[in-house]
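Engineer: Structure supplied as start_25.cif; contents: mmCIF, C-alpha atoms.
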data_my_file
#
loop_
_atom_site.group_PDB
_atom_site.id
_atom_site.type_symbol
_atom_site.label_atom_id
_atom_site.label_comp_id
_atom_site.auth_asym_id
_atom_site.auth_seq_id
_atom_site.Cartn_x
_atom_site.Cartn_y
_atom_site.Cartn_z
ATOM 1 C CA MET A 1 60.124 52.996 85.588
ATOM 2 C CA LEU A 2 61.015 56.686 85.647
ATOM 3 C CA LEU A 3 58.090 59.050 85.631
ATOM 4 C CA PHE A 4 58.150 62.695 84.681
ATOM 5 C CA THR A 5 55.535 64.982 86.175
ATOM 6 C CA LEU A 6 54.157 67.795 84.060
ATOM 7 C CA ALA A 7 51.570 69.712 86.118
ATOM 8 C CA PHE A 8 49.068 66.980 87.008
ATOM 9 C CA ILE A 9 50.046 64.645 84.122
ATOM 10 C CA GLN A 10 52.480 61.773 84.644
ATOM 11 C CA ILE A 11 54.275 60.625 81.509
ATOM 12 C CA GLY A 12 56.289 57.415 81.474
ATOM 13 C CA PHE A 13 58.346 55.615 78.853
ATOM 14 C CA LEU A 14 55.424 53.425 77.739
ATOM 15 C CA ASP A 15 53.248 56.519 77.315
ATOM 16 C CA VAL A 16 55.842 58.085 75.026
ATOM 17 C CA LEU A 17 56.140 54.809 73.082
ATOM 18 C CA ASP A 18 52.345 54.607 72.806
ATOM 19 C CA ILE A 19 52.133 58.148 71.414
ATOM 20 C CA PHE A 20 54.942 57.453 68.951
ATOM 21 C CA LEU A 21 53.316 54.253 67.631
ATOM 22 C CA VAL A 22 49.917 55.939 67.267
ATOM 23 C CA ALA A 23 51.526 58.839 65.407
ATOM 24 C CA LEU A 24 53.349 56.395 63.130
ATOM 25 C CA LEU A 25 50.109 54.500 62.430
ATOM 26 C CA ILE A 26 48.238 57.729 61.603
ATOM 27 C CA TYR A 27 51.055 58.835 59.308
ATOM 28 C CA GLU A 28 51.069 55.526 57.411
ATOM 29 C CA ILE A 29 47.281 55.660 56.998
ATOM 30 C CA TYR A 30 47.516 59.257 55.783
ATOM 31 C CA ARG A 31 50.275 58.315 53.319
ATOM 32 C CA LEU A 32 48.102 55.547 51.851
ATOM 33 C CA ILE A 33 44.993 57.680 51.326
ATOM 34 C CA ARG A 34 46.698 60.998 50.515
ATOM 35 C CA GLY A 35 45.376 62.466 47.292
ATOM 36 C CA THR A 36 42.156 60.423 47.382
ATOM 37 C CA VAL A 37 38.586 61.412 48.256
ATOM 38 C CA ALA A 38 38.852 59.150 51.307
ATOM 39 C CA ILE A 39 41.172 61.632 53.042
ATOM 40 C CA ASN A 40 38.223 63.971 53.746
ATOM 41 C CA LEU A 41 36.212 61.178 55.354
ATOM 42 C CA PHE A 42 39.213 60.117 57.411
ATOM 43 C CA ILE A 43 39.769 63.649 58.742
ATOM 44 C CA GLY A 44 36.067 63.963 59.596
ATOM 45 C CA ILE A 45 35.923 60.702 61.548
ATOM 46 C CA ALA A 46 39.226 61.470 63.292
ATOM 47 C CA GLY A 47 37.864 64.875 64.349
ATOM 48 C CA ILE A 48 34.685 63.371 65.782
ATOM 49 C CA TYR A 49 36.740 60.747 67.613
ATOM 50 C CA PHE A 50 38.896 63.374 69.353
ATOM 51 C CA ILE A 51 35.795 65.376 70.303
ATOM 52 C CA TRP A 52 34.300 62.190 71.763
ATOM 53 C CA ARG A 53 37.432 61.547 73.837
ATOM 54 C CA LEU A 54 37.301 65.141 75.101
ATOM 55 C CA VAL A 55 33.626 64.807 76.029
ATOM 56 C CA VAL A 56 34.343 61.555 77.905
ATOM 57 C CA ALA A 57 37.195 63.219 79.796
ATOM 58 C CA LEU A 58 34.846 66.061 80.803
ATOM 59 C CA GLN A 59 32.284 63.443 81.967
ATOM 60 C CA MET A 60 29.481 64.747 79.769
ATOM 61 C CA ILE A 61 27.590 61.476 79.930
ATOM 62 C CA LEU A 62 24.694 62.016 77.507
ATOM 63 C CA LEU A 63 26.790 63.571 74.744
ATOM 64 C CA SER A 64 29.535 60.972 75.192
ATOM 65 C CA GLN A 65 26.981 58.160 74.752
ATOM 66 C CA ILE A 66 25.619 59.719 71.561
ATOM 67 C CA LEU A 67 29.059 60.289 70.086
ATOM 68 C CA GLY A 68 30.187 56.825 71.254
ATOM 69 C CA ALA A 69 27.328 55.187 69.341
ATOM 70 C CA PHE A 70 28.202 57.261 66.271
ATOM 71 C CA ILE A 71 31.859 56.229 66.526
ATOM 72 C CA GLY A 72 30.830 52.546 66.737
ATOM 73 C CA VAL A 73 28.846 52.794 63.498
ATOM 74 C CA GLY A 74 31.513 54.998 61.944
ATOM 75 C CA PHE A 75 34.187 52.392 62.586
ATOM 76 C CA ILE A 76 32.251 49.818 60.554
ATOM 77 C CA ALA A 77 31.761 52.380 57.790
ATOM 78 C CA LEU A 78 35.478 53.119 57.944
ATOM 79 C CA LEU A 79 36.327 49.470 57.275
ATOM 80 C CA ILE A 80 33.971 49.381 54.296
ATOM 81 C CA VAL A 81 35.062 52.672 52.726
ATOM 82 C CA PHE A 82 38.790 52.113 53.278
ATOM 83 C CA GLN A 83 38.772 48.437 52.313
ATOM 84 C CA PRO A 84 41.255 48.866 49.399
ATOM 85 C CA GLU A 85 43.596 51.023 51.499
ATOM 86 C CA ILE A 86 43.440 48.647 54.491
ATOM 87 C CA ARG A 87 44.156 45.704 52.206
ATOM 88 C CA GLN A 88 47.154 47.537 50.723
ATOM 89 C CA PHE A 89 48.380 48.425 54.235
ATOM 90 C CA LEU A 90 48.184 44.798 55.412
ATOM 91 C CA LEU A 91 49.790 43.486 52.234
ATOM 92 C CA PHE A 92 52.766 45.747 52.888
ATOM 93 C CA PHE A 93 53.697 43.761 56.001
ATOM 94 C CA GLY A 94 54.097 40.601 53.962
ATOM 95 C CA SER A 95 55.802 42.207 51.012
ATOM 96 C CA PRO A 96 59.481 41.765 50.156
ATOM 97 C CA ALA A 97 59.995 45.522 50.633
ATOM 98 C CA PHE A 98 58.895 45.290 54.277
ATOM 99 C CA LEU A 99 60.947 42.163 54.933
ATOM 100 C CA GLU A 100 64.015 43.980 53.623
ATOM 101 C CA THR A 101 63.602 46.558 56.412
ATOM 102 C CA LEU A 102 63.761 43.909 59.141
ATOM 103 C CA PRO A 103 66.990 42.967 60.929
ATOM 104 C CA LYS A 104 68.953 40.170 59.235
ATOM 105 C CA ARG A 105 68.175 37.600 61.940
ATOM 106 C CA ILE A 106 64.426 38.154 61.629
ATOM 107 C CA ARG A 107 64.642 38.057 57.812
ATOM 108 C CA PHE A 108 66.487 34.751 58.173
ATOM 109 C CA LEU A 109 63.598 33.310 60.217
ATOM 110 C CA PHE A 110 61.047 34.430 57.623
ATOM 111 C CA GLY A 111 63.218 32.881 54.939
ATOM 112 C CA LYS A 112 63.403 29.572 56.798
ATOM 113 C CA MET A 113 59.620 29.440 57.147
ATOM 114 C CA ASN A 114 58.971 30.209 53.476
ATOM 115 C CA ARG A 115 61.958 28.563 51.856
ATOM 116 C CA ILE A 116 61.093 26.699 48.669
ATOM 117 C CA GLU A 117 63.720 25.679 46.157
ATOM 118 C CA SER A 118 62.966 27.323 42.800
ATOM 119 C CA THR A 119 64.397 26.257 39.466
ATOM 120 C CA LEU A 120 64.038 27.663 35.996
ATOM 121 C CA ASP A 121 65.036 26.693 32.482
ATOM 122 C CA VAL A 122 66.732 30.027 31.928
ATOM 123 C CA ASP A 123 67.932 29.403 28.370
ATOM 124 C CA ARG A 124 64.452 28.680 26.988
ATOM 125 C CA VAL A 125 62.901 31.660 28.749
ATOM 126 C CA VAL A 126 65.618 34.013 27.489
ATOM 127 C CA MET A 127 65.343 32.586 23.976
ATOM 128 C CA ALA A 128 61.586 33.206 23.934
ATOM 129 C CA VAL A 129 61.961 36.744 25.282
ATOM 130 C CA LYS A 130 64.629 37.542 22.675
ATOM 131 C CA HIS A 131 62.425 36.322 19.823
ATOM 132 C CA LEU A 132 59.472 38.309 21.185
ATOM 133 C CA SER A 133 61.706 41.363 21.366
ATOM 134 C CA ASP A 134 62.961 40.896 17.793
ATOM 135 C CA THR A 135 59.397 40.728 16.473
ATOM 136 C CA LYS A 136 58.108 43.510 18.770
ATOM 137 C CA THR A 137 55.540 41.207 20.285
ATOM 138 C CA GLY A 138 54.273 42.500 23.620
ATOM 139 C CA ALA A 139 54.642 40.058 26.502
ATOM 140 C CA LEU A 140 54.365 39.854 30.281
ATOM 141 C CA ILE A 141 55.922 36.828 32.008
ATOM 142 C CA VAL A 142 55.856 36.262 35.777
ATOM 143 C CA LEU A 143 58.394 33.902 37.346
ATOM 144 C CA SER A 144 57.283 32.537 40.710
ATOM 145 C CA LYS A 145 59.801 31.999 43.506
ATOM 146 C CA LYS A 146 58.608 31.347 47.079
ATOM 147 C CA HIS A 147 55.068 32.682 46.618
ATOM 148 C CA ASP A 148 52.891 30.226 44.701
ATOM 149 C CA LEU A 149 50.792 33.051 43.136
ATOM 150 C CA ARG A 150 47.648 30.954 43.523
ATOM 151 C CA GLN A 151 45.260 33.930 43.530
ATOM 152 C CA VAL A 152 46.832 35.340 40.381
ATOM 153 C CA ILE A 153 46.777 31.970 38.625
ATOM 154 C CA ASP A 154 43.063 31.603 39.425
ATOM 155 C CA THR A 155 42.318 34.712 37.332
ATOM 156 C CA GLY A 156 43.622 33.148 34.106
ATOM 157 C CA GLU A 157 43.533 29.992 32.022
ATOM 158 C CA LYS A 158 45.259 27.149 33.867
ATOM 159 C CA PHE A 159 47.338 24.466 32.214
ATOM 160 C CA ILE A 160 50.553 22.624 32.954
ATOM 161 C CA SER A 161 53.332 22.476 30.383
ATOM 162 C CA ASP A 162 57.092 22.211 30.212
ATOM 163 C CA ILE A 163 58.816 25.476 29.397
ATOM 164 C CA SER A 164 59.147 25.873 25.645
ATOM 165 C CA SER A 165 60.236 28.995 23.786
ATOM 166 C CA ASP A 166 57.835 28.128 20.949
ATOM 167 C CA LEU A 167 54.917 27.790 23.363
ATOM 168 C CA ILE A 168 55.686 31.108 25.054
ATOM 169 C CA GLU A 169 55.865 32.841 21.673
ATOM 170 C CA THR A 170 52.592 31.204 20.604
ATOM 171 C CA VAL A 171 50.810 32.411 23.743
ATOM 172 C CA PHE A 172 51.784 36.028 23.054
ATOM 173 C CA PHE A 173 51.116 35.884 19.307
ATOM 174 C CA LYS A 174 48.822 38.848 18.568
ATOM 175 C CA ASN A 175 45.934 36.706 17.314
ATOM 176 C CA SER A 176 46.161 34.254 20.202
ATOM 177 C CA PRO A 177 43.227 34.345 22.668
ATOM 178 C CA LEU A 178 45.754 34.029 25.520
ATOM 179 C CA HIS A 179 48.047 36.928 24.590
ATOM 180 C CA ASP A 180 46.228 39.547 26.678
ATOM 181 C CA GLY A 181 47.473 39.123 30.243
ATOM 182 C CA ALA A 182 50.374 37.525 32.059
ATOM 183 C CA LEU A 183 51.980 34.127 31.593
ATOM 184 C CA ILE A 184 52.866 32.456 34.903
ATOM 185 C CA ILE A 185 55.836 30.121 35.305
ATOM 186 C CA ARG A 186 56.087 28.193 38.589
ATOM 187 C CA ASP A 187 58.329 25.286 39.565
ATOM 188 C CA ASN A 188 59.869 25.307 36.076
ATOM 189 C CA LYS A 189 56.448 24.785 34.471
ATOM 190 C CA ILE A 190 54.088 27.051 32.590
ATOM 191 C CA VAL A 191 50.972 26.923 34.767
ATOM 192 C CA ALA A 192 48.655 29.660 33.461
ATOM 193 C CA ALA A 193 48.147 32.369 30.858
ATOM 194 C CA ARG A 194 45.923 35.425 30.448
ATOM 195 C CA CYS A 195 46.255 36.166 34.151
ATOM 196 C CA ILE A 196 45.293 39.501 35.690
ATOM 197 C CA LEU A 197 47.956 41.172 37.839
ATOM 198 C CA PRO A 198 47.607 43.949 40.413
ATOM 199 C CA VAL A 199 48.548 47.276 38.852
ATOM 200 C CA SER A 200 51.030 49.404 40.758
ATOM 201 C CA LYS A 201 50.006 52.905 41.772
ATOM 202 C CA SER A 202 53.586 53.983 42.349
ATOM 203 C CA LYS A 203 54.373 57.486 41.129
ATOM 204 C CA ARG A 204 57.957 56.428 40.417
ATOM 205 C CA ILE A 205 56.845 54.659 37.247
ATOM 206 C CA GLU A 206 57.339 56.766 34.125
ATOM 207 C CA ALA A 207 54.086 58.097 32.684
ATOM 208 C CA VAL A 208 54.962 56.835 29.195
ATOM 209 C CA LEU A 209 54.964 53.207 30.353
ATOM 210 C CA GLY A 210 51.824 51.158 29.822
ATOM 211 C CA LEU A 211 49.771 48.712 31.859
ATOM 212 C CA ARG A 212 52.156 45.813 31.215
ATOM 213 C CA HIS A 213 54.962 47.602 33.027
ATOM 214 C CA ARG A 214 52.681 48.782 35.836
ATOM 215 C CA ALA A 215 51.346 45.254 36.277
ATOM 216 C CA ALA A 216 54.904 43.890 36.360
ATOM 217 C CA VAL A 217 55.810 46.317 39.133
ATOM 218 C CA GLY A 218 52.523 45.611 40.927
ATOM 219 C CA ILE A 219 53.085 41.856 41.249
ATOM 220 C CA THR A 220 56.690 42.316 42.397
ATOM 221 C CA GLU A 221 55.592 44.867 45.008
ATOM 222 C CA GLN A 222 53.293 42.330 46.636
ATOM 223 C CA THR A 223 55.284 39.100 46.145
ATOM 224 C CA ASP A 224 58.859 37.946 45.630
ATOM 225 C CA ALA A 225 58.111 36.963 42.021
ATOM 226 C CA LEU A 226 60.056 38.387 39.078
ATOM 227 C CA ALA A 227 58.357 39.885 36.039
ATOM 228 C CA LEU A 228 59.666 40.163 32.474
ATOM 229 C CA VAL A 229 58.163 42.656 30.026
ATOM 230 C CA VAL A 230 58.579 43.034 26.280
ATOM 231 C CA SER A 231 57.341 46.332 24.881
ATOM 232 C CA GLU A 232 54.980 46.057 21.933
ATOM 233 C CA GLU A 233 55.982 49.514 20.653
ATOM 234 C CA THR A 234 59.773 49.282 20.843
ATOM 235 C CA GLY A 235 60.536 45.612 21.477
ATOM 236 C CA SER A 236 62.698 46.577 24.457
ATOM 237 C CA ILE A 237 63.092 44.116 27.327
ATOM 238 C CA SER A 238 62.551 45.081 30.965
ATOM 239 C CA TYR A 239 62.438 43.151 34.201
ATOM 240 C CA SER A 240 60.968 43.972 37.597
ATOM 241 C CA LYS A 241 62.065 42.858 41.056
ATOM 242 C CA ARG A 242 60.820 44.051 44.474
ATOM 243 C CA GLY A 243 58.833 46.886 42.934
ATOM 244 C CA GLY A 244 61.737 48.244 40.884
ATOM 245 C CA MET A 245 62.193 48.040 37.136
ATOM 246 C CA ILE A 246 65.242 47.821 34.884
ATOM 247 C CA HIS A 247 64.770 48.885 31.250
ATOM 248 C CA GLN A 248 66.627 48.325 27.986
ATOM 249 C CA VAL A 249 67.999 44.910 29.009
ATOM 250 C CA ALA A 250 69.938 42.849 26.468
ATOM 251 C CA ALA A 251 69.324 39.110 26.213
ATOM 252 C CA HIS A 252 72.693 38.193 27.710
ATOM 253 C CA GLN A 253 72.085 40.575 30.624
ATOM 254 C CA LEU A 254 68.703 38.982 31.259
ATOM 255 C CA LYS A 255 70.306 35.545 31.248
ATOM 256 C CA ILE A 256 72.890 36.601 33.847
ATOM 257 C CA PHE A 257 70.143 38.087 36.038
ATOM 258 C CA LEU A 258 67.934 34.986 35.886
ATOM 259 C CA GLU A 259 70.836 32.597 36.501
ATOM 260 C CA LYS A 260 71.727 34.606 39.587
ATOM 261 C CA GLU A 261 68.142 34.464 40.852
ATOM 262 C CA PHE A 262 67.359 30.798 40.145
ATOM 263 C CA ILE A 263 70.624 28.877 39.766
ATOM 264 C CA SER A 264 73.350 30.401 41.929
#
Can you turn what I pasted into structure tokens?

Structural biologist:
Amino acid sequence: MLLFTLAFIQIGFLDVLDIFLVALLIYEIYRLIRGTVAINLFIGIAGIYFIWRLVVALQMILLSQILGAFIGVGFIALLIVFQPEIRQFLLFFGSPAFLETLPKRIRFLFGKMNRIESTLDVDRVVMAVKHLSDTKTGALIVLSKKHDLRQVIDTGEKFISDISSDLIETVFFKNSPLHDGALIIRDNKIVAARCILPVSKSKRIEAVLGLRHRAAVGITEQTDALALVVSEETGSISYSKRGGMIHQVAAHQLKIFLEKEFIS
């Protein structure tokens, strides 16, 4: 391995790679907590850590022991305080958005490990969405693919039923106790209603859009599921995939999209 000597410091390829990876990790952490109160705590702990490393390098034994003990306790506090951010960071590595950044061969291996054949009665789903749109009945429908959405399903009312446009419309009827939340369809069955979805914090979402749309984007950011939304105010149909959202979708366009995702 080639070494480059700068004064008394020897820098090799692995050292450069190490510095690059640490810088990338710090940047990603900063990007996650930017704009939050946690950024101040992060900067404070990072500053103390660098002082500690400097003290150790200068062989100031007593001070290095004190700061080392503080860093040990601070690391545990860091995990507690940044628990939501750390969870979001780890979820990113299993998200469809991250998998899309991998080389095709690696994506193929992930696909082989997680491959599950998904089917959907597209016509009945589209029919229900169209009727909900015509009556301006708000709705949020999640269509599972490879992810089984078990944690999301556990937040709602579980039941197993064949897909029926009448049943979907009944669930989202304004006086129905199940209308508030998401309807989950998995393996061509309705498996739960009134489910709570993770809400996206993406700044790309238009401010005028409500929680239904943010929840639709949130679930598709973290899983490969698809989400269909019917606006209660306008009756317009939208669908979300991989954290993106398409608005003002006609029924025939929705049918083409779903057939491409589940049939072709």

Engineer: Out of A:Lys255, A:Gly68, A:Asp154, A:Arg124, which residue has the shortest atom-to-atom distance to Leu54 in chain A when counting all atoms listed in the file?

Structural biologist: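 Closest residue, counting all atoms listed in the file: A:Gly68.
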
Engineer: What is the distance between CA of Trp52 in chain A and CA of Ala69 in chain A, in Å to one decimal?

Structural biologist: 10.2 Å

Engineer: For this structure, which residues satisfy the selection - the PyMOL selection byres ((chain A and resi 199) around 10) - when it is evaluated on the file as given? I want them as a ChimeraX atom specification.

Structural biologist: /A:196-198,200-202,211-219,221

Engineer: I need the residues from that last selection saved to file as an mmCIF file, in the frame of the given file (with C-alpha atoms), if you can.

Structural biologist:
data_model
loop_
_atom_site.group_PDB
_atom_site.id
_atom_site.type_symbol
_atom_site.label_atom_id
_atom_site.label_comp_id
_atom_site.auth_asym_id
_atom_site.auth_seq_id
_atom_site.Cartn_x
_atom_site.Cartn_y
_atom_site.Cartn_z
ATOM 1 C CA ILE A 196 45.293 39.501 35.690
ATOM 2 C CA LEU A 197 47.956 41.172 37.839
ATOM 3 C CA PRO A 198 47.607 43.949 40.413
ATOM 4 C CA SER A 200 51.030 49.404 40.758
ATOM 5 C CA LYS A 201 50.006 52.905 41.772
ATOM 6 C CA SER A 202 53.586 53.983 42.349
ATOM 7 C CA LEU A 211 49.771 48.712 31.859
ATOM 8 C CA ARG A 212 52.156 45.813 31.215
ATOM 9 C CA HIS A 213 54.962 47.602 33.027
ATOM 10 C CA ARG A 214 52.681 48.782 35.836
ATOM 11 C CA ALA A 215 51.346 45.254 36.277
ATOM 12 C CA ALA A 216 54.904 43.890 36.360
ATOM 13 C CA VAL A 217 55.810 46.317 39.133
ATOM 14 C CA GLY A 218 52.523 45.611 40.927
ATOM 15 C CA ILE A 219 53.085 41.856 41.249
ATOM 16 C CA GLU A 221 55.592 44.867 45.008
#

Engineer: Apply the PyMOL selection byres ((chain A and resi 138) around 6) to the structure shown and report the selected residues as a PyMOL selection string.

Structural biologist: chain A and resi 137+139+230-232

Engineer: Enter the distance from CA of Gly243 in chain A to CA of Gln222 in chain A, in Å, rounded to one decimal.

Structural biologist: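 Atom-to-atom, CA of Gly243 in chain A to CA of Gln222 in chain A, that is 8.1 Å.
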
Engineer: Go through the shown structure with the PyMOL selection byres ((chain A and resi 152) around 12) and write out the matching residues as an MDAnalysis selection string.

Structural biologist: chainID A and resid 142 144 147:151 153:158 181:186 191:198 215 218:219 222:223 225

Engineer: For those residues, write C-alpha atoms to a file as a PDB file, in the coordinates of the input.

Structural biologist:
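The new file out.pdb reads:
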ATOM      1  CA  VAL A 142      55.856  36.262  35.777  1.00  0.00           C
ATOM      2  CA  SER A 144      57.283  32.537  40.710  1.00  0.00           C
ATOM      3  CA  HIS A 147      55.068  32.682  46.618  1.00  0.00           C
ATOM      4  CA  ASP A 148      52.891  30.226  44.701  1.00  0.00           C
ATOM      5  CA  LEU A 149      50.792  33.051  43.136  1.00  0.00           C
ATOM      6  CA  ARG A 150      47.648  30.954  43.523  1.00  0.00           C
ATOM      7  CA  GLN A 151      45.260  33.930  43.530  1.00  0.00           C
ATOM      8  CA  ILE A 153      46.777  31.970  38.625  1.00  0.00           C
ATOM      9  CA  ASP A 154      43.063  31.603  39.425  1.00  0.00           C
ATOM     10  CA  THR A 155      42.318  34.712  37.332  1.00  0.00           C
ATOM     11  CA  GLY A 156      43.622  33.148  34.106  1.00  0.00           C
ATOM     12  CA  GLU A 157      43.533  29.992  32.022  1.00  0.00           C
ATOM     13  CA  LYS A 158      45.259  27.149  33.867  1.00  0.00           C
ATOM     14  CA  GLY A 181      47.473  39.123  30.243  1.00  0.00           C
ATOM     15  CA  ALA A 182      50.374  37.525  32.059  1.00  0.00           C
ATOM     16  CA  LEU A 183      51.980  34.127  31.593  1.00  0.00           C
ATOM     17  CA  ILE A 184      52.866  32.456  34.903  1.00  0.00           C
ATOM     18  CA  ILE A 185      55.836  30.121  35.305  1.00  0.00           C
ATOM     19  CA  ARG A 186      56.087  28.193  38.589  1.00  0.00           C
ATOM     20  CA  VAL A 191      50.972  26.923  34.767  1.00  0.00           C
ATOM     21  CA  ALA A 192      48.655  29.660  33.461  1.00  0.00           C
ATOM     22  CA  ALA A 193      48.147  32.369  30.858  1.00  0.00           C
ATOM     23  CA  ARG A 194      45.923  35.425  30.448  1.00  0.00           C
ATOM     24  CA  CYS A 195      46.255  36.166  34.151  1.00  0.00           C
ATOM     25  CA  ILE A 196      45.293  39.501  35.690  1.00  0.00           C
ATOM     26  CA  LEU A 197      47.956  41.172  37.839  1.00  0.00           C
ATOM     27  CA  PRO A 198      47.607  43.949  40.413  1.00  0.00           C
ATOM     28  CA  ALA A 215      51.346  45.254  36.277  1.00  0.00           C
ATOM     29  CA  GLY A 218      52.523  45.611  40.927  1.00  0.00           C
ATOM     30  CA  ILE A 219      53.085  41.856  41.249  1.00  0.00           C
ATOM     31  CA  GLN A 222      53.293  42.330  46.636  1.00  0.00           C
ATOM     32  CA  THR A 223      55.284  39.100  46.145  1.00  0.00           C
ATOM     33  CA  ALA A 225      58.111  36.963  42.021  1.00  0.00           C
TER      34      ALA A 225
END

Engineer: Could you pull the residues within 7 Å of Ser240 in chain A, counting all atoms listed in the file, minus those fewer than 3 positions along the same chain, as a ChimeraX atom specification?

Structural biologist: /A:216-217,220,226-228,243-246

Engineer: Mind giving me the straight-line distance from CA of Pro177 in chain A to CA of Ser133 in chain A in Å, one decimal?

Structural biologist: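 Answer for the CA of Pro177 in chain A to CA of Ser133 in chain A separation: 19.8 Å.
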
Engineer: Which one is closest to Leu209 in chain A: A:Ser64, A:Gln253, A:Ser164, A:Thr234? Count only C-alpha atoms.

Structural biologist: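 Of A:Ser64, A:Gln253, A:Ser164, A:Thr234, the one nearest Leu209 in chain A is A:Thr234, counting only C-alpha atoms.
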
Engineer: Give the answer as one residue: which of A:Tyr239, A:Tyr49, A:Phe159, A:Tyr30 has the shortest atom-to-atom distance to Ala251 in chain A, using all atoms listed in the file?

Structural biologist: A:Tyr239
